[in-house]
$ cat run03.cif   # mmCIF, C-alpha atoms
data_model
#
loop_
_atom_site.label_atom_id
_atom_site.label_comp_id
_atom_site.auth_asym_id
_atom_site.auth_seq_id
_atom_site.Cartn_x
_atom_site.Cartn_y
_atom_site.Cartn_z
CA TYR A 1 -63.21 -29.46 -72.22
CA LEU A 2 -59.63 -28.93 -71.07
CA THR A 3 -57.17 -26.63 -72.75
CA GLN A 4 -53.84 -27.98 -73.98
CA SER A 5 -51.99 -26.27 -71.12
CA GLU A 6 -54.35 -27.82 -68.57
CA ILE A 7 -53.86 -31.26 -70.07
CA THR A 8 -50.08 -30.79 -70.00
CA LYS A 9 -50.24 -29.70 -66.35
CA ILE A 10 -52.25 -32.79 -65.40
CA LEU A 11 -49.86 -35.10 -67.25
CA ARG A 12 -46.88 -33.53 -65.48
CA MET A 13 -48.56 -33.98 -62.10
CA ASP A 14 -49.18 -37.64 -62.93
CA LEU A 15 -45.56 -37.94 -63.98
CA VAL A 16 -44.30 -36.62 -60.64
CA THR A 17 -46.63 -38.83 -58.59
CA SER A 18 -45.58 -41.90 -60.62
CA ILE A 19 -41.93 -41.51 -59.61
CA SER A 20 -40.99 -43.17 -56.35
CA LEU A 21 -38.34 -41.41 -54.30
CA TRP A 22 -37.31 -44.62 -52.53
CA PRO A 23 -34.78 -45.63 -55.21
CA VAL A 24 -33.33 -42.11 -55.12
CA LEU A 25 -33.04 -42.20 -51.33
CA ALA A 26 -31.56 -45.71 -51.45
CA CYS A 27 -29.06 -44.47 -54.03
CA LEU A 28 -27.97 -41.60 -51.81
CA VAL A 29 -27.73 -43.70 -48.63
CA ALA A 30 -25.82 -46.52 -50.34
CA SER A 31 -23.36 -44.11 -51.91
CA PHE A 32 -22.82 -42.29 -48.62
CA GLY A 33 -22.56 -45.52 -46.62
CA THR A 34 -20.03 -47.08 -48.98
CA CYS A 35 -17.87 -43.95 -48.99
CA LEU A 36 -18.06 -43.73 -45.19
CA LEU A 37 -16.99 -47.38 -44.93
CA ILE A 38 -14.05 -46.70 -47.23
CA ILE A 39 -12.95 -43.79 -45.04
CA LEU A 40 -13.28 -45.76 -41.80
CA THR A 41 -11.32 -48.75 -43.16
CA GLN A 42 -8.60 -46.87 -45.04
CA ARG A 43 -5.89 -48.10 -42.67
CA TRP A 44 -6.44 -51.58 -44.12
CA HIS A 45 -6.54 -50.71 -47.81
CA GLY A 46 -4.80 -47.33 -47.76
CA LYS A 47 -1.60 -48.67 -49.27
CA LEU A 48 -3.55 -49.16 -52.50
CA SER A 49 -6.43 -46.70 -52.28
CA LEU A 50 -4.87 -43.53 -50.85
CA ASP A 51 -3.75 -40.72 -53.15
CA HIS A 52 -0.13 -40.70 -51.96
CA ASP A 53 1.20 -38.60 -54.84
CA LEU A 54 0.88 -35.20 -53.17
CA ASN A 55 3.69 -33.75 -55.29
CA GLY A 56 1.93 -34.35 -58.61
CA VAL A 57 1.78 -31.21 -60.71
CA GLN A 58 -2.03 -31.10 -60.57
CA LYS A 59 -2.29 -31.92 -56.84
CA ILE A 60 -3.51 -29.25 -54.43
CA HIS A 61 -4.23 -31.36 -51.35
CA GLU A 62 -2.10 -31.69 -48.24
CA THR A 63 -2.81 -35.21 -46.91
CA PRO A 64 -3.36 -38.64 -48.53
CA VAL A 65 -7.06 -39.37 -49.07
CA PRO A 66 -8.87 -42.47 -50.46
CA ARG A 67 -9.48 -41.95 -54.15
CA ILE A 68 -11.99 -44.76 -54.72
CA GLY A 69 -15.21 -42.84 -54.12
CA GLY A 70 -16.45 -44.22 -57.42
CA LEU A 71 -17.28 -47.43 -55.56
CA GLY A 72 -19.85 -45.45 -53.58
CA VAL A 73 -21.42 -44.03 -56.74
CA ALA A 74 -21.59 -47.49 -58.31
CA SER A 75 -23.12 -49.09 -55.21
CA GLY A 76 -25.73 -46.33 -55.05
CA LEU A 77 -26.80 -46.85 -58.66
CA MET A 78 -26.95 -50.61 -58.18
CA LEU A 79 -29.10 -50.38 -55.05
CA ALA A 80 -31.45 -47.92 -56.79
CA GLY A 81 -31.95 -50.54 -59.49
CA VAL A 82 -32.75 -53.18 -56.85
CA PHE A 83 -35.35 -50.92 -55.22
CA SER A 84 -36.87 -50.14 -58.60
CA TYR A 85 -37.17 -53.85 -59.34
CA GLN A 86 -38.81 -54.52 -55.97
CA LEU A 87 -41.29 -51.70 -56.55
CA GLY A 88 -42.25 -53.16 -59.90
CA GLY A 89 -40.77 -50.43 -62.06
CA GLU A 90 -39.14 -50.91 -65.42
CA THR A 91 -36.29 -48.43 -65.09
CA TYR A 92 -34.10 -51.05 -63.39
CA GLU A 93 -33.65 -52.89 -66.68
CA THR A 94 -32.31 -49.83 -68.51
CA ALA A 95 -30.24 -48.81 -65.48
CA GLY A 96 -28.77 -52.30 -65.19
CA LYS A 97 -27.78 -52.32 -68.85
CA LEU A 98 -26.34 -48.83 -68.50
CA LEU A 99 -24.23 -49.92 -65.53
CA LEU A 100 -23.07 -52.94 -67.50
CA CYS A 101 -22.05 -50.70 -70.38
CA SER A 102 -20.15 -48.43 -68.00
CA MET A 103 -17.89 -51.23 -66.76
CA PRO A 104 -15.02 -50.71 -69.26
CA ALA A 105 -14.71 -46.99 -68.41
CA PHE A 106 -15.39 -47.41 -64.70
CA GLY A 107 -13.14 -50.48 -64.47
CA ALA A 108 -10.22 -48.82 -66.23
CA GLY A 109 -10.53 -45.78 -63.98
CA LEU A 110 -10.83 -47.86 -60.82
CA ILE A 111 -7.77 -49.94 -61.72
CA GLU A 112 -5.88 -46.68 -62.25
CA ASP A 113 -7.03 -45.52 -58.80
CA PHE A 114 -5.54 -48.63 -57.22
CA THR A 115 -2.44 -49.19 -59.36
CA LYS A 116 -1.64 -45.75 -60.88
CA ARG A 117 -0.50 -47.64 -63.97
CA VAL A 118 -3.33 -47.34 -66.51
CA GLY A 119 -2.38 -44.91 -69.27
CA VAL A 120 -4.50 -42.06 -70.57
CA ARG A 121 -4.98 -43.71 -73.97
CA THR A 122 -6.13 -46.95 -72.38
CA ARG A 123 -8.72 -45.11 -70.28
CA LEU A 124 -9.86 -43.10 -73.28
CA PHE A 125 -10.29 -46.29 -75.30
CA ALA A 126 -12.25 -47.82 -72.43
CA SER A 127 -14.59 -44.80 -72.48
CA PHE A 128 -15.21 -45.27 -76.19
CA THR A 129 -15.84 -48.97 -75.58
CA SER A 130 -18.50 -48.15 -72.98
CA ALA A 131 -20.16 -45.75 -75.42
CA ALA A 132 -20.12 -48.41 -78.13
CA LEU A 133 -21.74 -50.94 -75.78
CA ALA A 134 -24.52 -48.49 -74.92
CA TYR A 135 -25.03 -47.80 -78.62
CA TRP A 136 -25.43 -51.53 -79.27
CA ILE A 137 -27.29 -52.68 -76.13
CA LEU A 138 -29.52 -49.67 -75.44
CA ASP A 139 -29.68 -48.14 -78.92
CA ALA A 140 -28.38 -44.96 -77.26
CA ARG A 141 -27.40 -43.07 -80.37
CA LEU A 142 -27.41 -39.53 -81.68
CA VAL A 143 -29.82 -39.27 -84.61
CA ASN A 144 -30.16 -35.50 -84.95
CA LEU A 145 -27.55 -32.81 -84.29
CA ASP A 146 -29.87 -29.89 -85.09
CA THR A 147 -27.15 -28.51 -87.37
CA PRO A 148 -27.43 -28.20 -91.18
CA GLY A 149 -25.10 -30.58 -92.99
CA LEU A 150 -24.33 -32.63 -89.92
CA ASP A 151 -27.97 -33.72 -89.74
CA TYR A 152 -27.56 -35.32 -93.16
CA LEU A 153 -24.34 -37.09 -92.24
CA ILE A 154 -25.65 -38.41 -88.91
CA GLN A 155 -28.29 -40.42 -90.77
CA PHE A 156 -25.58 -42.83 -91.89
CA GLY A 157 -25.14 -45.62 -89.36
CA ALA A 158 -21.33 -45.48 -89.30
CA VAL A 159 -21.30 -41.71 -88.78
CA SER A 160 -23.89 -41.93 -86.02
CA PHE A 161 -21.89 -44.65 -84.29
CA LEU A 162 -18.57 -42.80 -84.46
CA PHE A 163 -20.04 -39.43 -83.45
CA THR A 164 -21.96 -40.94 -80.54
CA CYS A 165 -18.87 -42.75 -79.25
CA PHE A 166 -16.83 -39.57 -79.62
CA ALA A 167 -19.41 -37.45 -77.78
CA VAL A 168 -19.99 -39.92 -74.92
CA GLY A 169 -16.31 -40.79 -74.58
CA GLY A 170 -15.39 -37.12 -74.61
CA MET A 171 -17.88 -36.25 -71.89
CA THR A 172 -16.72 -39.21 -69.81
CA ASN A 173 -13.18 -37.87 -69.85
CA ALA A 174 -14.28 -34.24 -69.47
CA ILE A 175 -15.65 -34.90 -65.98
CA ASN A 176 -12.30 -36.36 -65.01
CA ILE A 177 -10.62 -33.16 -66.19
CA ILE A 178 -12.73 -30.90 -63.94
CA ASP A 179 -12.30 -33.24 -60.95
CA GLY A 180 -9.68 -31.13 -59.19
CA LEU A 181 -11.39 -29.48 -56.21
CA ASN A 182 -13.52 -30.85 -53.41
CA GLY A 183 -17.06 -31.21 -54.69
CA LEU A 184 -16.43 -29.56 -58.04
CA ALA A 185 -17.04 -32.57 -60.31
CA SER A 186 -19.79 -34.24 -58.26
CA GLY A 187 -21.60 -30.94 -57.69
CA SER A 188 -21.35 -29.98 -61.37
CA VAL A 189 -22.61 -33.40 -62.47
CA SER A 190 -25.55 -33.12 -60.04
CA LEU A 191 -26.47 -29.70 -61.44
CA MET A 192 -26.20 -30.88 -65.04
CA LEU A 193 -28.28 -33.98 -64.32
CA GLY A 194 -30.76 -31.62 -62.68
CA GLY A 195 -30.99 -29.68 -65.94
CA LEU A 196 -31.61 -32.90 -67.90
CA THR A 197 -34.16 -34.00 -65.28
CA THR A 198 -36.16 -30.81 -65.71
CA ILE A 199 -36.22 -31.02 -69.50
CA ALA A 200 -37.22 -34.69 -69.28
CA TYR A 201 -40.04 -33.65 -66.93
CA LEU A 202 -41.20 -30.94 -69.33
CA ASN A 203 -41.38 -33.57 -72.07
CA GLY A 204 -43.00 -36.28 -69.94
CA ASP A 205 -40.02 -38.66 -70.11
CA THR A 206 -40.23 -40.75 -66.93
CA LEU A 207 -37.33 -43.06 -67.79
CA VAL A 208 -34.74 -40.33 -68.29
CA MET A 209 -36.06 -38.49 -65.23
CA LYS A 210 -35.46 -41.52 -63.03
CA LEU A 211 -32.00 -42.22 -64.45
CA CYS A 212 -30.99 -38.60 -63.86
CA LEU A 213 -32.40 -38.57 -60.33
CA TRP A 214 -30.50 -41.77 -59.48
CA GLY A 215 -27.33 -40.17 -60.81
CA ILE A 216 -27.95 -37.13 -58.64
CA GLY A 217 -28.56 -39.32 -55.58
CA ALA A 218 -25.34 -41.28 -56.11
CA SER A 219 -23.30 -38.12 -56.67
CA LEU A 220 -24.72 -36.33 -53.64
CA GLY A 221 -24.17 -39.35 -51.40
CA PHE A 222 -20.47 -39.21 -52.25
CA MET A 223 -20.40 -35.43 -52.08
CA LEU A 224 -21.56 -35.36 -48.45
CA LEU A 225 -18.13 -36.74 -47.50
CA ASN A 226 -16.14 -34.94 -50.18
CA TYR A 227 -17.34 -31.35 -49.89
CA PRO A 228 -15.84 -29.25 -48.50
CA PHE A 229 -13.38 -31.18 -46.31
CA GLY A 230 -12.21 -33.74 -48.91
CA ARG A 231 -12.44 -36.91 -46.80
CA ILE A 232 -12.66 -39.03 -49.96
CA PHE A 233 -12.00 -38.41 -53.64
CA LEU A 234 -14.07 -39.41 -56.64
CA GLY A 235 -11.02 -40.87 -58.38
CA ASP A 236 -10.77 -41.73 -62.05
CA GLY A 237 -13.29 -44.54 -61.66
CA GLY A 238 -15.90 -42.28 -60.10
CA ALA A 239 -15.27 -39.45 -62.56
CA TYR A 240 -15.62 -41.80 -65.53
CA LEU A 241 -18.76 -43.42 -64.12
CA THR A 242 -20.54 -40.13 -63.40
CA GLY A 243 -19.38 -38.67 -66.72
CA PHE A 244 -20.63 -41.71 -68.63
CA TRP A 245 -23.96 -41.68 -66.79
CA LEU A 246 -24.42 -37.96 -67.53
CA ALA A 247 -23.55 -38.39 -71.20
CA GLU A 248 -25.87 -41.35 -71.71
CA CYS A 249 -28.75 -39.58 -69.99
CA GLY A 250 -28.23 -36.74 -72.46
CA VAL A 251 -28.15 -39.10 -75.45
CA LEU A 252 -31.27 -40.96 -74.31
CA LEU A 253 -33.10 -37.66 -73.74
CA LEU A 254 -32.35 -36.56 -77.30
CA LYS A 255 -33.17 -39.97 -78.78
CA ARG A 256 -36.54 -40.15 -77.04
CA ASN A 257 -37.56 -36.48 -77.38
CA PRO A 258 -37.02 -35.03 -80.88
CA SER A 259 -38.32 -31.62 -79.76
CA VAL A 260 -35.26 -31.14 -77.54
CA SER A 261 -32.40 -29.48 -79.40
CA THR A 262 -29.01 -31.15 -79.29
CA TRP A 263 -27.63 -27.70 -78.51
CA ALA A 264 -29.63 -27.72 -75.27
CA VAL A 265 -27.81 -30.82 -74.01
CA LEU A 266 -24.51 -29.38 -75.19
CA PHE A 267 -25.19 -26.14 -73.32
CA ILE A 268 -26.17 -28.04 -70.19
CA CYS A 269 -22.76 -29.73 -70.27
CA ILE A 270 -20.85 -26.77 -71.71
CA TYR A 271 -18.55 -26.20 -68.72
CA PRO A 272 -16.71 -29.57 -68.80
CA VAL A 273 -16.95 -29.69 -72.60
CA TRP A 274 -15.34 -26.27 -73.09
CA GLU A 275 -12.81 -26.91 -70.34
CA THR A 276 -11.67 -29.95 -72.31
CA VAL A 277 -11.62 -28.21 -75.69
CA PHE A 278 -9.79 -25.20 -74.29
CA SER A 279 -7.28 -27.45 -72.51
CA ILE A 280 -6.50 -29.29 -75.75
CA TYR A 281 -6.00 -25.96 -77.51
CA ARG A 282 -3.88 -24.58 -74.68
CA ARG A 283 -1.64 -27.63 -74.48
CA ASN A 284 -1.23 -28.45 -78.18
CA ILE A 285 -1.24 -24.98 -79.73
CA ILE A 286 0.11 -22.66 -77.04
CA HIS A 287 2.45 -24.83 -74.95
CA LYS A 288 3.27 -27.50 -77.59
CA VAL A 289 2.84 -30.42 -75.16
CA LYS A 290 0.79 -33.60 -75.21
CA SER A 291 -2.93 -33.29 -74.46
CA GLY A 292 -2.85 -36.09 -71.90
CA MET A 293 -0.20 -34.54 -69.67
CA PRO A 294 -1.44 -33.07 -66.36
CA ASP A 295 -0.89 -29.45 -65.50
CA MET A 296 -1.99 -26.81 -63.01
CA THR A 297 -3.61 -24.37 -65.43
CA HIS A 298 -7.24 -25.45 -65.59
CA LEU A 299 -9.76 -22.78 -64.69
CA HIS A 300 -10.40 -24.22 -61.22
CA HIS A 301 -6.65 -24.34 -60.54
CA LEU A 302 -6.22 -20.68 -61.44
CA LEU A 303 -9.20 -19.58 -59.34
CA PHE A 304 -7.94 -21.69 -56.43
CA LYS A 305 -4.44 -20.23 -56.60
CA ALA A 306 -5.77 -16.68 -57.00
CA ARG A 307 -7.90 -17.07 -53.88
CA GLY A 308 -4.94 -18.52 -52.00
CA GLN A 309 -2.89 -15.43 -52.85
CA LYS A 310 -5.66 -13.07 -51.67
CA HIS A 311 -6.48 -15.05 -48.53
CA SER A 312 -3.16 -16.60 -47.53
CA THR A 313 -4.32 -17.42 -43.98
CA GLU A 314 -7.52 -19.11 -45.10
CA ARG A 315 -7.83 -22.85 -44.56
CA GLN A 316 -7.43 -24.94 -47.67
CA TRP A 317 -10.82 -26.64 -47.37
CA THR A 318 -12.43 -23.20 -47.33
CA GLN A 319 -10.65 -22.29 -50.56
CA HIS A 320 -11.90 -25.52 -52.13
CA GLY A 321 -15.43 -24.80 -50.98
CA VAL A 322 -15.56 -21.20 -52.19
CA VAL A 323 -14.03 -21.84 -55.62
CA SER A 324 -16.25 -24.86 -56.27
CA LEU A 325 -19.27 -22.79 -55.27
CA LYS A 326 -18.33 -20.03 -57.72
CA ILE A 327 -18.09 -22.50 -60.60
CA TRP A 328 -21.36 -24.16 -59.56
CA ILE A 329 -23.10 -20.82 -59.92
CA LEU A 330 -21.82 -20.62 -63.50
CA VAL A 331 -22.98 -24.19 -64.19
CA ALA A 332 -26.39 -23.59 -62.56
CA THR A 333 -26.90 -20.49 -64.71
CA CYS A 334 -26.35 -22.59 -67.82
CA GLN A 335 -29.01 -25.04 -66.60
CA LEU A 336 -31.58 -22.31 -66.11
CA ILE A 337 -30.96 -20.93 -69.59
CA ALA A 338 -31.10 -24.35 -71.26
CA ILE A 339 -34.32 -25.30 -69.47
CA ASN A 340 -36.09 -22.17 -70.69
CA ILE A 341 -34.98 -22.38 -74.35
CA TYR A 342 -34.35 -26.12 -74.85
CA SER A 343 -35.98 -26.08 -78.32
CA ALA A 344 -34.62 -22.74 -79.54
CA ARG A 345 -31.53 -23.72 -81.52
CA ASN A 346 -30.36 -20.23 -82.49
CA SER A 347 -30.68 -18.87 -78.97
CA LEU A 348 -28.79 -21.89 -77.64
CA ILE A 349 -25.99 -21.36 -80.15
CA TRP A 350 -25.64 -17.73 -79.10
CA SER A 351 -25.70 -18.77 -75.45
CA THR A 352 -22.90 -21.26 -76.15
CA LEU A 353 -20.79 -18.58 -77.82
CA LEU A 354 -21.46 -16.22 -74.93
CA PHE A 355 -20.30 -18.85 -72.44
CA THR A 356 -17.04 -19.41 -74.31
CA ALA A 357 -16.38 -15.67 -74.28
CA LEU A 358 -17.18 -15.43 -70.56
CA TYR A 359 -14.97 -18.44 -69.80
CA THR A 360 -12.09 -16.91 -71.74
CA PHE A 361 -12.49 -13.63 -69.84
CA ILE A 362 -12.54 -15.36 -66.43
CA TYR A 363 -9.59 -17.55 -67.42
CA SER A 364 -7.51 -14.61 -68.62
CA LYS A 365 -8.29 -12.67 -65.46
CA GLY A 366 -7.35 -15.67 -63.30
CA LEU A 367 -4.12 -16.16 -65.23
CA LYS A 368 -3.10 -12.54 -64.67
CA GLU A 369 -3.88 -12.76 -60.96
CA THR A 370 -1.90 -15.97 -60.44
CA ASN A 371 1.11 -14.52 -62.27
CA SER A 372 1.01 -11.23 -60.37
CA ASP A 373 3.42 -12.62 -57.74
CA GLY A 374 6.12 -13.13 -60.34
CA THR A 375 5.39 -16.83 -60.91
CA ASP A 376 6.06 -17.91 -64.46
CA LEU A 377 3.40 -20.01 -66.14
CA HIS A 378 5.91 -22.78 -66.73
CA ASP A 379 6.33 -23.16 -62.97
CA ILE A 380 2.84 -24.66 -62.79
CA LEU A 381 3.36 -27.03 -65.72
CA PRO A 382 4.96 -30.50 -65.46
CA ASN A 383 8.73 -30.25 -65.09
CA HIS A 384 9.47 -32.19 -68.26
CA GLN A 385 7.37 -29.69 -70.24
CA ASN A 386 9.46 -26.65 -69.31
#
$ encode --input "run03.cif" --output "structure tokens"
Amino acid sequence: YLTQSEITKILRMDLVTSISLWPVLACLVASFGTCLLIILTQRWHGKLSLDHDLNGVQKIHETPVPRIGGLGVASGLMLAGVFSYQLGGETYETAGKLLLCSMPAFGAGLIEDFTKRVGVRTRLFASFTSAALAYWILDARLVNLDTPGLDYLIQFGAVSFLFTCFAVGGMTNAINIIDGLNGLASGSVSLMLGGLTTIAYLNGDTLVMKLCLWGIGASLGFMLLNYPFGRIFLGDGGAYLTGFWLAECGVLLLKRNPSVSTWAVLFICIYPVWETVFSIYRRNIIHKVKSGMPDMTHLHHLLFKARGQKHSTERQWTQHGVVSLKIWILVATCQLIAINIYSARNSLIWSTLLFTALYTFIYSKGLKETNSDGTDLHDILPNHQN
């Protein structure tokens, strides 16, 4: 007779051997190849695709760069689905539907990348539309929040629908908010998908594992050309697509595995989530400006500027690389914690509170360092907000 732990170990080994790495490799190669093609042909499409606005308040790059890397991510995910279909898997069907659902968010972001004329509200609405489509087509819904009171409310269909759309749409936009340094967003998404992958593995969920691995492959394929030199940018389209994919993988993991606490998925994604919440508070409460207006006071901006002041002769791509790496370490730490306590609600809540305190400390320290040269905070806000 086998013990329960031995049975679990055997099932996990079978799970690993049942997953083909060919779709993941195809995803990475297609993403990399598409991004490389965009870079090599930018002289033909650069008038539309290059990020010419180098004077934007949130811009910290020196030369125009293609900002349509989202096309690489999309092509990678599509090719992974094709390989899965050829290999006789079933994940391609879910992945295809998920890509279809992502089109409103990805499309709105991509149009903004080309035209620079799609407003924040329009893109936010498109993100909610994508979440609603996934709710309807894939039944990707939140059914348990692991929180007294809210668990009762989420049982009502209308509440579940609205909360799911809010959560998925919020995460979709949160990745766009942290997309400010070379590799920061794509690397963070890869780490967070890695956390979801591990929890899916621990619960024997092959489908979510594959979706997460494909998302990692697509993100890393783009990242090979983005980090640290910044040859291509993710753009709004890419940020929305990776954010939507991450959010839906989290929702599907919770829907299919009741033993996983909702707080575990929240803690896995806590960096972009808290960056968004804190930014809304900072803009609306402290500075009395609109939430959708860009500024230069996100955490990564402050750390980037602080490093620039300490190492004034350092190349800019090095500053990007070092600051992104520092934040990745923070994100990776959250993954390790969540993986080890993914069912322990109280511990996850305390971990979330600890992260917010640590973030606030790092932010305050970065703010003091960036203002030590006599620069007023308003100098790094949009001019019309002064």
$ residues_near_point --input "run03.cif" --point "(-1.7, -14.8, -54.0)" --cutoff "8 Å" --atoms "all atoms listed in the file" --output "list in words"
Lys305, Ala306, Arg307, Gly308, Gln309, Lys310, His311, Ser312, Glu369, Thr370, Ser372 and Asp373 of chain A
$ atom_distance --input "run03.cif" --atom1 "CA of Phe361 in chain A" --atom2 "CA of Ile339 in chain A"
24.8 Å
$ residues_around --input "run03.cif" --residues "range 124-134 of chain A" --least-positions-apart "4" --cutoff "7 Å" --atoms "only C-alpha atoms" --output "PyMOL selection string"
chain A and resi 98+101-105+108+120+138-140+165-166+168-169+172
$ resolve_selection --input "run03.cif" --expression "the PyMOL selection byres ((chain A and resi 188) around 10)" --output "list in words"
Ile175, Ile178, Asp179, Gly183, Leu184, Ala185, Ser186, Gly187, Val189, Ser190, Leu191, Met192, Leu193, Gly194, Ser219, Cys269, Tyr271, Pro272, Ser324, Leu325, Ile327, Trp328, Ile329, Leu330, Val331 and Ala332 of chain A
$ resolve_selection --input "run03.cif" --expression "the PyMOL selection byres ((chain A and resi 26) around 12)" --output "ChimeraX atom specification"
/A:20-25,27-34,72-73,75-84,213-218,220-221
$ closest_residue --input "run03.cif" --among "A:Gly230, A:Trp245, A:Leu50, A:Glu112" --to "Leu100 in chain A" --atoms "only C-alpha atoms"
A:Trp245
$ atom_distance --input "run03.cif" --atom1 "CA of Val273 in chain A" --atom2 "CA of Leu299 in chain A"
12.7 Å
$ closest_residue --input "run03.cif" --among "A:Gly237, A:Gly170, A:Pro258, A:Gly195" --to "Val118 in chain A" --atoms "all atoms listed in the file"
A:Gly237
$ resolve_selection --input "run03.cif" --expression "the PyMOL selection byres ((chain A and resi 70) around 7)" --output "PDB file with C-alpha atoms, in the frame of the given file"
ATOM      1  CA  ILE A  68     -11.990 -44.760 -54.720  1.00  0.00           C
ATOM      2  CA  GLY A  69     -15.210 -42.840 -54.120  1.00  0.00           C
ATOM      3  CA  LEU A  71     -17.280 -47.430 -55.560  1.00  0.00           C
ATOM      4  CA  GLY A  72     -19.850 -45.450 -53.580  1.00  0.00           C
ATOM      5  CA  VAL A  73     -21.420 -44.030 -56.740  1.00  0.00           C
ATOM      6  CA  ALA A  74     -21.590 -47.490 -58.310  1.00  0.00           C
ATOM      7  CA  LEU A 234     -14.070 -39.410 -56.640  1.00  0.00           C
ATOM      8  CA  GLY A 235     -11.020 -40.870 -58.380  1.00  0.00           C
ATOM      9  CA  GLY A 237     -13.290 -44.540 -61.660  1.00  0.00           C
ATOM     10  CA  GLY A 238     -15.900 -42.280 -60.100  1.00  0.00           C
TER      11      GLY A 238
END
$ closest_residue --input "run03.cif" --among "A:Met223, A:Ile286, A:Ala357, A:Ile199" --to "Arg256 in chain A" --atoms "only C-alpha atoms"
A:Ile199
$ residues_near_point --input "run03.cif" --point "(-20.2, -22.8, -76.4)" --cutoff "12 Å" --atoms "all atoms listed in the file" --output "MDAnalysis selection string"
chainID A and resid 263:278 334 347:360
$ atom_distance --input "run03.cif" --atom1 "CA of Arg141 in chain A" --atom2 "CA of Gln155 in chain A"
10.8 Å
$ closest_residue --input "run03.cif" --among "A:Met209, A:Gly109, A:Lys288, A:Leu87" --to "Thr122 in chain A" --atoms "all atoms listed in the file"
A:Gly109
$ closest_residue --input "run03.cif" --among "A:Thr198, A:Gly88, A:Lys97, A:Tyr240" --to "Ile111 in chain A" --atoms "all atoms listed in the file"
A:Tyr240
$ residues_around --input "run03.cif" --residues "Met171 in chain A" --least-positions-apart "6" --cutoff "7 Å" --atoms "only C-alpha atoms" --output "JSON, numbers by chain"
{"A": [243, 244, 247, 273]}
$ write_last_selection --input "run03.cif" --atoms "C-alpha atoms" --output "mmCIF file, in the frame of the given file"
data_model
loop_
_atom_site.group_PDB
_atom_site.id
_atom_site.type_symbol
_atom_site.label_atom_id
_atom_site.label_comp_id
_atom_site.auth_asym_id
_atom_site.auth_seq_id
_atom_site.Cartn_x
_atom_site.Cartn_y
_atom_site.Cartn_z
ATOM 1 C CA GLY A 243 -19.380 -38.670 -66.720
ATOM 2 C CA PHE A 244 -20.630 -41.710 -68.630
ATOM 3 C CA ALA A 247 -23.550 -38.390 -71.200
ATOM 4 C CA VAL A 273 -16.950 -29.690 -72.600
#
$ closest_residue --input "run03.cif" --among "A:Ser160, A:Asn144, A:Asn371, A:Ser343" --to "Asn203 in chain A" --atoms "only C-alpha atoms"
A:Ser343
$ build_atoms --input "run03.cif" --residues "range 354-363 of chain A" --atoms "N, CA, C and O atoms" --output "CSV table (one decimal), in the coordinates of the input"
chain,number,residue,atom,x,y,z
A,354,LEU,N,-21.6,-17.1,-76.0
A,354,LEU,CA,-21.5,-16.2,-74.9
A,354,LEU,C,-20.7,-16.9,-73.8
A,354,LEU,O,-19.9,-16.2,-73.1
A,355,PHE,N,-21.0,-18.1,-73.5
A,355,PHE,CA,-20.3,-18.8,-72.4
A,355,PHE,C,-18.8,-18.9,-72.7
A,355,PHE,O,-18.0,-18.7,-71.8
A,356,THR,N,-18.5,-19.3,-74.0
A,356,THR,CA,-17.0,-19.4,-74.3
A,356,THR,C,-16.3,-18.1,-74.1
A,356,THR,O,-15.2,-18.0,-73.7
A,357,ALA,N,-17.0,-17.0,-74.5
A,357,ALA,CA,-16.4,-15.7,-74.3
A,357,ALA,C,-16.2,-15.4,-72.8
A,357,ALA,O,-15.2,-14.8,-72.4
A,358,LEU,N,-17.2,-15.7,-72.0
A,358,LEU,CA,-17.2,-15.4,-70.6
A,358,LEU,C,-16.1,-16.3,-69.9
A,358,LEU,O,-15.3,-15.8,-69.1
A,359,TYR,N,-16.0,-17.5,-70.3
A,359,TYR,CA,-15.0,-18.4,-69.8
A,359,TYR,C,-13.6,-17.9,-70.1
A,359,TYR,O,-12.7,-17.8,-69.2
A,360,THR,N,-13.4,-17.4,-71.3
A,360,THR,CA,-12.1,-16.9,-71.7
A,360,THR,C,-11.7,-15.7,-70.9
A,360,THR,O,-10.6,-15.5,-70.5
A,361,PHE,N,-12.7,-14.8,-70.6
A,361,PHE,CA,-12.5,-13.6,-69.8
A,361,PHE,C,-12.1,-14.0,-68.4
A,361,PHE,O,-11.1,-13.5,-67.9
A,362,ILE,N,-12.8,-14.9,-67.8
A,362,ILE,CA,-12.5,-15.4,-66.4
A,362,ILE,C,-11.2,-16.0,-66.4
A,362,ILE,O,-10.4,-15.8,-65.4
A,363,TYR,N,-10.9,-16.9,-67.4
A,363,TYR,CA,-9.6,-17.6,-67.4
A,363,TYR,C,-8.4,-16.6,-67.5
A,363,TYR,O,-7.4,-16.7,-66.8
